[in-house]
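File shown: protein.cif. Contents: mmCIF, N, CA and C atoms.
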```
data_entry
#
loop_
_atom_site.label_atom_id
_atom_site.label_comp_id
_atom_site.auth_asym_id
_atom_site.auth_seq_id
_atom_site.Cartn_x
_atom_site.Cartn_y
_atom_site.Cartn_z
N MET Z 97 -5.23 4.68 24.96
CA MET Z 97 -4.85 4.04 23.72
C MET Z 97 -3.38 4.38 23.43
N THR Z 98 -2.59 3.35 23.17
CA THR Z 98 -1.18 3.58 22.85
C THR Z 98 -1.06 4.15 21.44
N THR Z 99 0.10 4.63 21.11
CA THR Z 99 0.33 5.18 19.77
C THR Z 99 0.16 4.10 18.71
N VAL Z 100 0.67 2.91 18.96
CA VAL Z 100 0.53 1.81 18.00
C VAL Z 100 -0.95 1.45 17.83
N GLU Z 101 -1.71 1.42 18.91
CA GLU Z 101 -3.15 1.15 18.80
C GLU Z 101 -3.85 2.24 18.00
N LYS Z 102 -3.43 3.48 18.18
CA LYS Z 102 -3.99 4.60 17.41
C LYS Z 102 -3.70 4.41 15.92
N ILE Z 103 -2.47 4.05 15.59
CA ILE Z 103 -2.09 3.80 14.20
C ILE Z 103 -2.92 2.66 13.62
N GLN Z 104 -3.03 1.57 14.37
CA GLN Z 104 -3.80 0.42 13.90
C GLN Z 104 -5.26 0.80 13.67
N PHE Z 105 -5.83 1.61 14.56
CA PHE Z 105 -7.20 2.07 14.42
C PHE Z 105 -7.37 2.91 13.16
N GLN Z 106 -6.44 3.84 12.94
CA GLN Z 106 -6.51 4.70 11.76
C GLN Z 106 -6.43 3.89 10.47
N ILE Z 107 -5.51 2.95 10.43
CA ILE Z 107 -5.32 2.13 9.23
C ILE Z 107 -6.54 1.25 8.98
N LYS Z 108 -7.09 0.68 10.06
CA LYS Z 108 -8.24 -0.21 9.93
C LYS Z 108 -9.50 0.54 9.49
N ASN Z 109 -9.65 1.77 9.92
CA ASN Z 109 -10.89 2.50 9.71
C ASN Z 109 -10.87 3.49 8.56
N ASN Z 110 -9.82 3.47 7.77
CA ASN Z 110 -9.73 4.34 6.59
C ASN Z 110 -9.25 3.52 5.42
N LEU Z 111 -10.09 3.36 4.43
CA LEU Z 111 -9.77 2.53 3.28
C LEU Z 111 -8.51 3.02 2.57
N ILE Z 112 -8.42 4.33 2.37
CA ILE Z 112 -7.24 4.94 1.74
C ILE Z 112 -6.74 6.00 2.71
N LEU Z 113 -5.53 5.83 3.20
CA LEU Z 113 -4.99 6.70 4.25
C LEU Z 113 -3.57 7.13 3.89
N LEU Z 114 -3.33 8.42 3.91
CA LEU Z 114 -2.02 8.97 3.63
C LEU Z 114 -1.46 9.61 4.90
N TYR Z 115 -0.34 9.09 5.37
CA TYR Z 115 0.42 9.74 6.44
C TYR Z 115 1.37 10.69 5.75
N MET Z 116 1.27 11.96 6.07
CA MET Z 116 2.01 12.97 5.33
C MET Z 116 2.46 14.10 6.24
N LYS Z 117 3.29 14.97 5.70
CA LYS Z 117 3.71 16.18 6.39
C LYS Z 117 2.82 17.31 5.89
N GLY Z 118 2.00 17.85 6.79
CA GLY Z 118 1.06 18.90 6.43
C GLY Z 118 -0.29 18.30 6.09
N SER Z 119 -1.07 19.06 5.33
CA SER Z 119 -2.42 18.63 4.93
C SER Z 119 -2.49 18.65 3.40
N PRO Z 120 -3.51 18.02 2.83
CA PRO Z 120 -3.64 18.06 1.37
C PRO Z 120 -3.70 19.48 0.81
N LYS Z 121 -4.29 20.40 1.55
CA LYS Z 121 -4.38 21.79 1.08
C LYS Z 121 -3.10 22.57 1.32
N MET Z 122 -2.32 22.13 2.32
CA MET Z 122 -1.06 22.82 2.64
C MET Z 122 0.02 21.80 3.00
N PRO Z 123 0.51 21.06 2.02
CA PRO Z 123 1.58 20.10 2.30
C PRO Z 123 2.84 20.83 2.78
N SER Z 124 3.58 20.17 3.67
CA SER Z 124 4.78 20.80 4.24
C SER Z 124 6.08 20.27 3.65
N CYS Z 125 5.98 19.41 2.63
CA CYS Z 125 7.18 18.97 1.93
C CYS Z 125 6.79 18.58 0.50
N ASP Z 126 7.77 18.61 -0.37
CA ASP Z 126 7.50 18.32 -1.79
C ASP Z 126 7.01 16.90 -2.00
N PHE Z 127 7.52 15.95 -1.23
CA PHE Z 127 7.10 14.56 -1.40
C PHE Z 127 5.63 14.38 -1.02
N SER Z 128 5.22 15.02 0.07
CA SER Z 128 3.82 14.96 0.48
C SER Z 128 2.94 15.65 -0.56
N ALA Z 129 3.39 16.78 -1.09
CA ALA Z 129 2.62 17.49 -2.13
C ALA Z 129 2.46 16.60 -3.36
N GLN Z 130 3.53 15.93 -3.75
CA GLN Z 130 3.47 15.06 -4.91
C GLN Z 130 2.50 13.90 -4.68
N ALA Z 131 2.53 13.31 -3.48
CA ALA Z 131 1.62 12.20 -3.15
C ALA Z 131 0.17 12.67 -3.21
N VAL Z 132 -0.12 13.84 -2.68
CA VAL Z 132 -1.48 14.39 -2.72
C VAL Z 132 -1.91 14.62 -4.16
N ASN Z 133 -1.04 15.18 -4.98
CA ASN Z 133 -1.37 15.42 -6.39
C ASN Z 133 -1.67 14.12 -7.12
N ILE Z 134 -0.91 13.09 -6.84
CA ILE Z 134 -1.12 11.79 -7.48
C ILE Z 134 -2.46 11.20 -7.04
N LEU Z 135 -2.72 11.21 -5.73
CA LEU Z 135 -3.99 10.67 -5.23
C LEU Z 135 -5.18 11.46 -5.78
N SER Z 136 -5.04 12.77 -5.83
CA SER Z 136 -6.12 13.60 -6.36
C SER Z 136 -6.38 13.28 -7.84
N ALA Z 137 -5.32 13.04 -8.59
CA ALA Z 137 -5.47 12.69 -10.01
C ALA Z 137 -6.19 11.36 -10.19
N CYS Z 138 -6.10 10.49 -9.19
CA CYS Z 138 -6.78 9.20 -9.27
C CYS Z 138 -8.28 9.33 -9.02
N GLY Z 139 -8.69 10.44 -8.40
CA GLY Z 139 -10.11 10.73 -8.25
C GLY Z 139 -10.83 10.04 -7.11
N GLU Z 140 -10.12 9.40 -6.21
CA GLU Z 140 -10.77 8.74 -5.06
C GLU Z 140 -10.54 9.56 -3.80
N ARG Z 141 -11.52 9.54 -2.91
CA ARG Z 141 -11.36 10.21 -1.62
C ARG Z 141 -10.32 9.47 -0.78
N PHE Z 142 -9.61 10.22 0.06
CA PHE Z 142 -8.66 9.60 0.97
C PHE Z 142 -8.59 10.39 2.27
N ALA Z 143 -8.25 9.69 3.31
CA ALA Z 143 -8.04 10.32 4.61
C ALA Z 143 -6.54 10.61 4.75
N TYR Z 144 -6.20 11.50 5.66
CA TYR Z 144 -4.78 11.78 5.89
C TYR Z 144 -4.54 12.03 7.37
N VAL Z 145 -3.28 11.85 7.76
CA VAL Z 145 -2.83 12.21 9.10
C VAL Z 145 -1.59 13.08 8.92
N ASP Z 146 -1.62 14.26 9.50
CA ASP Z 146 -0.48 15.17 9.47
C ASP Z 146 0.47 14.76 10.59
N ILE Z 147 1.57 14.13 10.21
CA ILE Z 147 2.50 13.63 11.24
C ILE Z 147 3.23 14.75 11.97
N LEU Z 148 3.24 15.95 11.40
CA LEU Z 148 3.87 17.07 12.09
C LEU Z 148 3.02 17.50 13.29
N GLN Z 149 1.72 17.24 13.23
CA GLN Z 149 0.82 17.54 14.35
C GLN Z 149 0.74 16.39 15.35
N HIS Z 150 1.31 15.25 14.98
CA HIS Z 150 1.26 14.05 15.81
C HIS Z 150 2.67 13.44 15.92
N PRO Z 151 3.53 14.05 16.74
CA PRO Z 151 4.91 13.57 16.83
C PRO Z 151 5.03 12.13 17.30
N ASP Z 152 4.06 11.66 18.08
CA ASP Z 152 4.10 10.27 18.53
C ASP Z 152 3.93 9.32 17.34
N ILE Z 153 3.05 9.65 16.42
CA ILE Z 153 2.85 8.83 15.23
C ILE Z 153 4.07 8.94 14.32
N ARG Z 154 4.63 10.13 14.23
CA ARG Z 154 5.83 10.33 13.40
C ARG Z 154 6.97 9.44 13.86
N VAL Z 155 7.08 9.21 15.15
CA VAL Z 155 8.14 8.36 15.69
C VAL Z 155 7.81 6.87 15.55
N GLU Z 156 6.57 6.49 15.85
CA GLU Z 156 6.21 5.07 15.91
C GLU Z 156 5.86 4.43 14.57
N LEU Z 157 5.27 5.19 13.64
CA LEU Z 157 4.83 4.59 12.38
C LEU Z 157 5.97 3.97 11.57
N PRO Z 158 7.13 4.60 11.46
CA PRO Z 158 8.21 3.95 10.70
C PRO Z 158 8.60 2.59 11.28
N LYS Z 159 8.56 2.44 12.58
CA LYS Z 159 8.85 1.14 13.21
C LYS Z 159 7.74 0.14 12.93
N TYR Z 160 6.50 0.59 13.09
CA TYR Z 160 5.34 -0.27 12.87
C TYR Z 160 5.29 -0.76 11.43
N ALA Z 161 5.54 0.15 10.49
CA ALA Z 161 5.42 -0.15 9.07
C ALA Z 161 6.69 -0.77 8.49
N ASN Z 162 7.78 -0.66 9.22
CA ASN Z 162 9.08 -1.05 8.69
C ASN Z 162 9.37 -0.27 7.40
N TRP Z 163 9.00 1.01 7.44
CA TRP Z 163 9.19 1.92 6.31
C TRP Z 163 9.63 3.26 6.90
N PRO Z 164 10.85 3.71 6.61
CA PRO Z 164 11.43 4.83 7.36
C PRO Z 164 10.98 6.23 6.98
N THR Z 165 10.33 6.39 5.83
CA THR Z 165 10.09 7.75 5.34
C THR Z 165 8.60 8.08 5.22
N PHE Z 166 8.35 9.36 5.02
CA PHE Z 166 7.01 9.87 4.78
C PHE Z 166 7.03 10.63 3.46
N PRO Z 167 5.91 10.64 2.75
CA PRO Z 167 4.60 10.11 3.09
C PRO Z 167 4.55 8.58 2.99
N GLN Z 168 3.49 8.04 3.59
CA GLN Z 168 3.18 6.61 3.49
C GLN Z 168 1.72 6.47 3.10
N LEU Z 169 1.46 5.70 2.06
CA LEU Z 169 0.10 5.43 1.65
C LEU Z 169 -0.30 4.03 2.09
N TRP Z 170 -1.43 3.94 2.77
CA TRP Z 170 -2.00 2.67 3.21
C TRP Z 170 -3.34 2.50 2.50
N VAL Z 171 -3.55 1.34 1.93
CA VAL Z 171 -4.80 1.04 1.24
C VAL Z 171 -5.33 -0.29 1.76
N ASN Z 172 -6.55 -0.24 2.27
CA ASN Z 172 -7.21 -1.44 2.79
C ASN Z 172 -6.33 -2.18 3.80
N GLY Z 173 -5.71 -1.41 4.69
CA GLY Z 173 -4.92 -1.98 5.78
C GLY Z 173 -3.52 -2.40 5.42
N GLU Z 174 -3.08 -2.14 4.19
CA GLU Z 174 -1.74 -2.55 3.79
C GLU Z 174 -0.94 -1.36 3.27
N LEU Z 175 0.33 -1.34 3.62
CA LEU Z 175 1.22 -0.29 3.15
C LEU Z 175 1.48 -0.47 1.66
N VAL Z 176 1.21 0.58 0.90
CA VAL Z 176 1.51 0.58 -0.54
C VAL Z 176 2.94 1.08 -0.73
N GLY Z 177 3.29 2.17 -0.06
CA GLY Z 177 4.64 2.70 -0.16
C GLY Z 177 4.67 4.20 -0.03
N GLY Z 178 5.82 4.75 -0.42
CA GLY Z 178 6.04 6.18 -0.34
C GLY Z 178 5.92 6.85 -1.70
N CYS Z 179 6.46 8.04 -1.78
CA CYS Z 179 6.30 8.89 -2.96
C CYS Z 179 6.85 8.24 -4.23
N ASP Z 180 8.01 7.63 -4.18
CA ASP Z 180 8.59 7.01 -5.38
C ASP Z 180 7.72 5.89 -5.91
N ILE Z 181 7.22 5.06 -5.01
CA ILE Z 181 6.36 3.94 -5.43
C ILE Z 181 5.04 4.46 -5.97
N LEU Z 182 4.46 5.47 -5.30
CA LEU Z 182 3.21 6.06 -5.79
C LEU Z 182 3.39 6.66 -7.19
N THR Z 183 4.50 7.34 -7.40
CA THR Z 183 4.78 7.95 -8.70
C THR Z 183 4.88 6.88 -9.78
N GLU Z 184 5.62 5.83 -9.49
CA GLU Z 184 5.78 4.75 -10.47
C GLU Z 184 4.45 4.05 -10.76
N MET Z 185 3.69 3.75 -9.72
CA MET Z 185 2.39 3.10 -9.91
C MET Z 185 1.44 3.99 -10.70
N HIS Z 186 1.47 5.29 -10.40
CA HIS Z 186 0.60 6.23 -11.10
C HIS Z 186 0.96 6.30 -12.59
N GLN Z 187 2.24 6.37 -12.89
CA GLN Z 187 2.67 6.44 -14.28
C GLN Z 187 2.27 5.21 -15.08
N LYS Z 188 2.21 4.06 -14.40
CA LYS Z 188 1.82 2.81 -15.07
C LYS Z 188 0.30 2.60 -15.06
N GLY Z 189 -0.44 3.47 -14.36
CA GLY Z 189 -1.89 3.31 -14.26
C GLY Z 189 -2.31 2.31 -13.19
N GLU Z 190 -1.35 1.80 -12.44
CA GLU Z 190 -1.64 0.77 -11.44
C GLU Z 190 -2.29 1.33 -10.18
N LEU Z 191 -1.95 2.54 -9.80
CA LEU Z 191 -2.48 3.10 -8.56
C LEU Z 191 -3.97 3.37 -8.69
N LYS Z 192 -4.38 4.01 -9.77
CA LYS Z 192 -5.81 4.29 -9.96
C LYS Z 192 -6.61 2.99 -9.98
N GLU Z 193 -6.06 1.99 -10.64
CA GLU Z 193 -6.72 0.68 -10.71
C GLU Z 193 -6.86 0.08 -9.31
N LEU Z 194 -5.80 0.16 -8.50
CA LEU Z 194 -5.83 -0.37 -7.14
C LEU Z 194 -6.88 0.36 -6.30
N LEU Z 195 -6.91 1.68 -6.38
CA LEU Z 195 -7.85 2.46 -5.56
C LEU Z 195 -9.28 2.21 -5.99
N GLN Z 196 -9.53 2.16 -7.27
CA GLN Z 196 -10.89 1.90 -7.76
C GLN Z 196 -11.35 0.51 -7.36
N PHE Z 197 -10.46 -0.47 -7.43
CA PHE Z 197 -10.79 -1.83 -7.05
C PHE Z 197 -11.18 -1.87 -5.57
N GLN Z 198 -10.46 -1.15 -4.72
CA GLN Z 198 -10.76 -1.16 -3.29
C GLN Z 198 -12.14 -0.60 -3.03
N TYR Z 199 -12.52 0.47 -3.72
CA TYR Z 199 -13.86 1.03 -3.52
C TYR Z 199 -14.93 0.09 -4.05
N GLN Z 200 -14.68 -0.57 -5.16
CA GLN Z 200 -15.65 -1.52 -5.69
C GLN Z 200 -15.86 -2.67 -4.72
N GLU Z 201 -14.80 -3.10 -4.07
CA GLU Z 201 -14.90 -4.18 -3.09
C GLU Z 201 -15.74 -3.76 -1.89
N LYS Z 202 -15.79 -2.46 -1.61
CA LYS Z 202 -16.53 -1.96 -0.45
C LYS Z 202 -17.98 -1.62 -0.77
N LEU Z 203 -18.42 -1.85 -2.01
CA LEU Z 203 -19.82 -1.58 -2.35
C LEU Z 203 -20.73 -2.55 -1.61
N SER Z 204 -21.84 -2.03 -1.16
CA SER Z 204 -22.83 -2.87 -0.50
C SER Z 204 -23.51 -3.75 -1.52
N PRO Z 205 -23.64 -5.06 -1.25
CA PRO Z 205 -24.27 -5.94 -2.23
C PRO Z 205 -25.77 -5.67 -2.37
N ILE Z 206 -26.39 -4.98 -1.41
CA ILE Z 206 -27.83 -4.76 -1.46
C ILE Z 206 -28.15 -3.45 -2.18
N THR Z 207 -27.52 -2.36 -1.78
CA THR Z 207 -27.88 -1.05 -2.33
C THR Z 207 -26.92 -0.54 -3.37
N GLY Z 208 -25.67 -1.06 -3.38
CA GLY Z 208 -24.67 -0.53 -4.28
C GLY Z 208 -24.05 0.76 -3.79
N ASP Z 209 -24.43 1.22 -2.61
CA ASP Z 209 -23.85 2.44 -2.05
C ASP Z 209 -22.51 2.14 -1.44
N LYS Z 210 -21.63 3.13 -1.51
CA LYS Z 210 -20.31 2.99 -0.89
C LYS Z 210 -20.48 3.03 0.62
N GLU Z 211 -19.65 2.24 1.30
CA GLU Z 211 -19.65 2.28 2.76
C GLU Z 211 -19.17 3.65 3.19
N SER Z 212 -19.75 4.16 4.25
CA SER Z 212 -19.25 5.42 4.80
C SER Z 212 -18.15 5.09 5.78
N LYS Z 213 -17.32 6.08 6.03
CA LYS Z 213 -16.19 5.87 6.95
C LYS Z 213 -16.65 5.97 8.38
#
```
Output the file's structure as structure tokens, nothing else.
Amino acid sequence: MTTVEKIQFQIKNNLILLYMKGSPKMPSCDFSAQAVNILSACGERFAYVDILQHPDIRVELPKYANWPTFPQLWVNGELVGGCDILTEMHQKGELKELLQFQYQEKLSPITGDKESK
């Protein structure tokens, strides 16, 4: 699997995905820490990829996304943006609304249970 295929797989298979430096419990930069705090405040689960542990993704994702910096938040297969955009959306209440809407869209019409990853 190429690096681009790996990125595409990760984005496709994770409803809310944060590419960041470090982990949510131990972010390695202030911007990643801020993104984690914002996502945590929204109350939805999210997956992450530590780009410091995956140098191939760190190199290829900015080209794939046409977005040069990290962190990068992807929701339902689409790039939302980086720390500045997340901060602005959070302050306006738009990010929580977007994340909640995505989970509601993934509810099973029969049982009402959330899809598992």
Computed gap from atom CA of Leu194 of chain Z to atom CA of Trp170 of chain Z is 11.4 Å
Write out as a PyMOL selection string the set of residues from segment 99-146 of chain Z that DSSP, computed on the backbone, places in strand (DSSP E or B).
chain Z and resi 112-116+118+123+143-146
Counting all atoms listed in the file, the residue among Z:Phe142, Z:Phe105, Z:Tyr160, Z:Phe166 that lies closest to Ser128 of chain Z is Z:Phe166
By how many Å are atom C of Lys159 of chain Z and atom C of Val100 of chain Z apart?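 Between these atoms lies a distance of 10.1 Å.
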Spatial sel., origin (-10.1, 10.4, 1.4), limit 7 Å, only C-alpha atoms, listed as a ChimeraX atom specification
/Z:112-113,140-143
Atom pair atom C of Glu190 of chain Z + atom C of Leu111 of chain Z, distance 14.3 Å
(request) May I have the residues within 8 Å of Asp180 of chain Z as a ChimeraX atom specification, using all atoms listed in the file and disregarding those fewer than 5 positions away in the same chain? (result) /Z:127,131,167,185-186
TODO: Can you check which residues of chain Z DSSP gives as alpha helix (DSSP H) on the backbone and send them as an MDAnalysis selection string?
DONE: chainID Z and resid 99:108 126:138 151:161 179:188 190:201
Considering only C-alpha atoms, return as an MDAnalysis selection string whatever protein or nucleic-acid residues lie within 12 Å of Pro123 of chain Z, sequence-local ones (same chain, fewer than 4 positions apart) excluded.
chainID Z and resid 114:119 127:133 144:148 166:167
Output file for the residues above (N, CA and C atoms, as a PDB file, in the coordinates of the input):
```pdb
ATOM      1  N   LEU Z 114      -3.330   8.420   3.910  1.00  0.00           N
ATOM      2  CA  LEU Z 114      -2.020   8.970   3.630  1.00  0.00           C
ATOM      3  C   LEU Z 114      -1.460   9.610   4.900  1.00  0.00           C
ATOM      4  N   TYR Z 115      -0.340   9.090   5.370  1.00  0.00           N
ATOM      5  CA  TYR Z 115       0.420   9.740   6.440  1.00  0.00           C
ATOM      6  C   TYR Z 115       1.370  10.690   5.750  1.00  0.00           C
ATOM      7  N   MET Z 116       1.270  11.960   6.070  1.00  0.00           N
ATOM      8  CA  MET Z 116       2.010  12.970   5.330  1.00  0.00           C
ATOM      9  C   MET Z 116       2.460  14.100   6.240  1.00  0.00           C
ATOM     10  N   LYS Z 117       3.290  14.970   5.700  1.00  0.00           N
ATOM     11  CA  LYS Z 117       3.710  16.180   6.390  1.00  0.00           C
ATOM     12  C   LYS Z 117       2.820  17.310   5.890  1.00  0.00           C
ATOM     13  N   GLY Z 118       2.000  17.850   6.790  1.00  0.00           N
ATOM     14  CA  GLY Z 118       1.060  18.900   6.430  1.00  0.00           C
ATOM     15  C   GLY Z 118      -0.290  18.300   6.090  1.00  0.00           C
ATOM     16  N   SER Z 119      -1.070  19.060   5.330  1.00  0.00           N
ATOM     17  CA  SER Z 119      -2.420  18.630   4.930  1.00  0.00           C
ATOM     18  C   SER Z 119      -2.490  18.650   3.400  1.00  0.00           C
ATOM     19  N   PHE Z 127       7.520  15.950  -1.230  1.00  0.00           N
ATOM     20  CA  PHE Z 127       7.100  14.560  -1.400  1.00  0.00           C
ATOM     21  C   PHE Z 127       5.630  14.380  -1.020  1.00  0.00           C
ATOM     22  N   SER Z 128       5.220  15.020   0.070  1.00  0.00           N
ATOM     23  CA  SER Z 128       3.820  14.960   0.480  1.00  0.00           C
ATOM     24  C   SER Z 128       2.940  15.650  -0.560  1.00  0.00           C
ATOM     25  N   ALA Z 129       3.390  16.780  -1.090  1.00  0.00           N
ATOM     26  CA  ALA Z 129       2.620  17.490  -2.130  1.00  0.00           C
ATOM     27  C   ALA Z 129       2.460  16.600  -3.360  1.00  0.00           C
ATOM     28  N   GLN Z 130       3.530  15.930  -3.750  1.00  0.00           N
ATOM     29  CA  GLN Z 130       3.470  15.060  -4.910  1.00  0.00           C
ATOM     30  C   GLN Z 130       2.500  13.900  -4.680  1.00  0.00           C
ATOM     31  N   ALA Z 131       2.530  13.310  -3.480  1.00  0.00           N
ATOM     32  CA  ALA Z 131       1.620  12.200  -3.150  1.00  0.00           C
ATOM     33  C   ALA Z 131       0.170  12.670  -3.210  1.00  0.00           C
ATOM     34  N   VAL Z 132      -0.120  13.840  -2.680  1.00  0.00           N
ATOM     35  CA  VAL Z 132      -1.480  14.390  -2.720  1.00  0.00           C
ATOM     36  C   VAL Z 132      -1.910  14.620  -4.160  1.00  0.00           C
ATOM     37  N   ASN Z 133      -1.040  15.180  -4.980  1.00  0.00           N
ATOM     38  CA  ASN Z 133      -1.370  15.420  -6.390  1.00  0.00           C
ATOM     39  C   ASN Z 133      -1.670  14.120  -7.120  1.00  0.00           C
ATOM     40  N   TYR Z 144      -6.200  11.500   5.660  1.00  0.00           N
ATOM     41  CA  TYR Z 144      -4.780  11.780   5.890  1.00  0.00           C
ATOM     42  C   TYR Z 144      -4.540  12.030   7.370  1.00  0.00           C
ATOM     43  N   VAL Z 145      -3.280  11.850   7.760  1.00  0.00           N
ATOM     44  CA  VAL Z 145      -2.830  12.210   9.100  1.00  0.00           C
ATOM     45  C   VAL Z 145      -1.590  13.080   8.920  1.00  0.00           C
ATOM     46  N   ASP Z 146      -1.620  14.260   9.500  1.00  0.00           N
ATOM     47  CA  ASP Z 146      -0.480  15.170   9.470  1.00  0.00           C
ATOM     48  C   ASP Z 146       0.470  14.760  10.590  1.00  0.00           C
ATOM     49  N   ILE Z 147       1.570  14.130  10.210  1.00  0.00           N
ATOM     50  CA  ILE Z 147       2.500  13.630  11.240  1.00  0.00           C
ATOM     51  C   ILE Z 147       3.230  14.750  11.970  1.00  0.00           C
ATOM     52  N   LEU Z 148       3.240  15.950  11.400  1.00  0.00           N
ATOM     53  CA  LEU Z 148       3.870  17.070  12.090  1.00  0.00           C
ATOM     54  C   LEU Z 148       3.020  17.500  13.290  1.00  0.00           C
ATOM     55  N   PHE Z 166       8.350   9.360   5.020  1.00  0.00           N
ATOM     56  CA  PHE Z 166       7.010   9.870   4.780  1.00  0.00           C
ATOM     57  C   PHE Z 166       7.030  10.630   3.460  1.00  0.00           C
ATOM     58  N   PRO Z 167       5.910  10.640   2.750  1.00  0.00           N
ATOM     59  CA  PRO Z 167       4.600  10.110   3.090  1.00  0.00           C
ATOM     60  C   PRO Z 167       4.550   8.580   2.990  1.00  0.00           C
TER      61      PRO Z 167
END
```
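Evaluated on this file, the PyMOL selection byres (((chain Z and resi 172 and name CA) around 12) and name CA) matches Gln104, Gln106, Ile107, Lys108, Asn109, Asn110, Leu111, Ile112, Leu113, Leu114, Phe142, Ala143, Leu169, Trp170, Val171, Gly173, Glu174, Leu175, Val176, Leu194, Leu195, Gln196, Phe197, Gln198, Tyr199, Gln200, Glu201 and Lys202 of chain Z.
Restricting the calculation to only N, CA and C atoms, the smallest distance between Gly178 of chain Z and any of Z:Ser136, Z:Thr99, Z:Ser124, Z:Thr165 is found for Z:Thr165.
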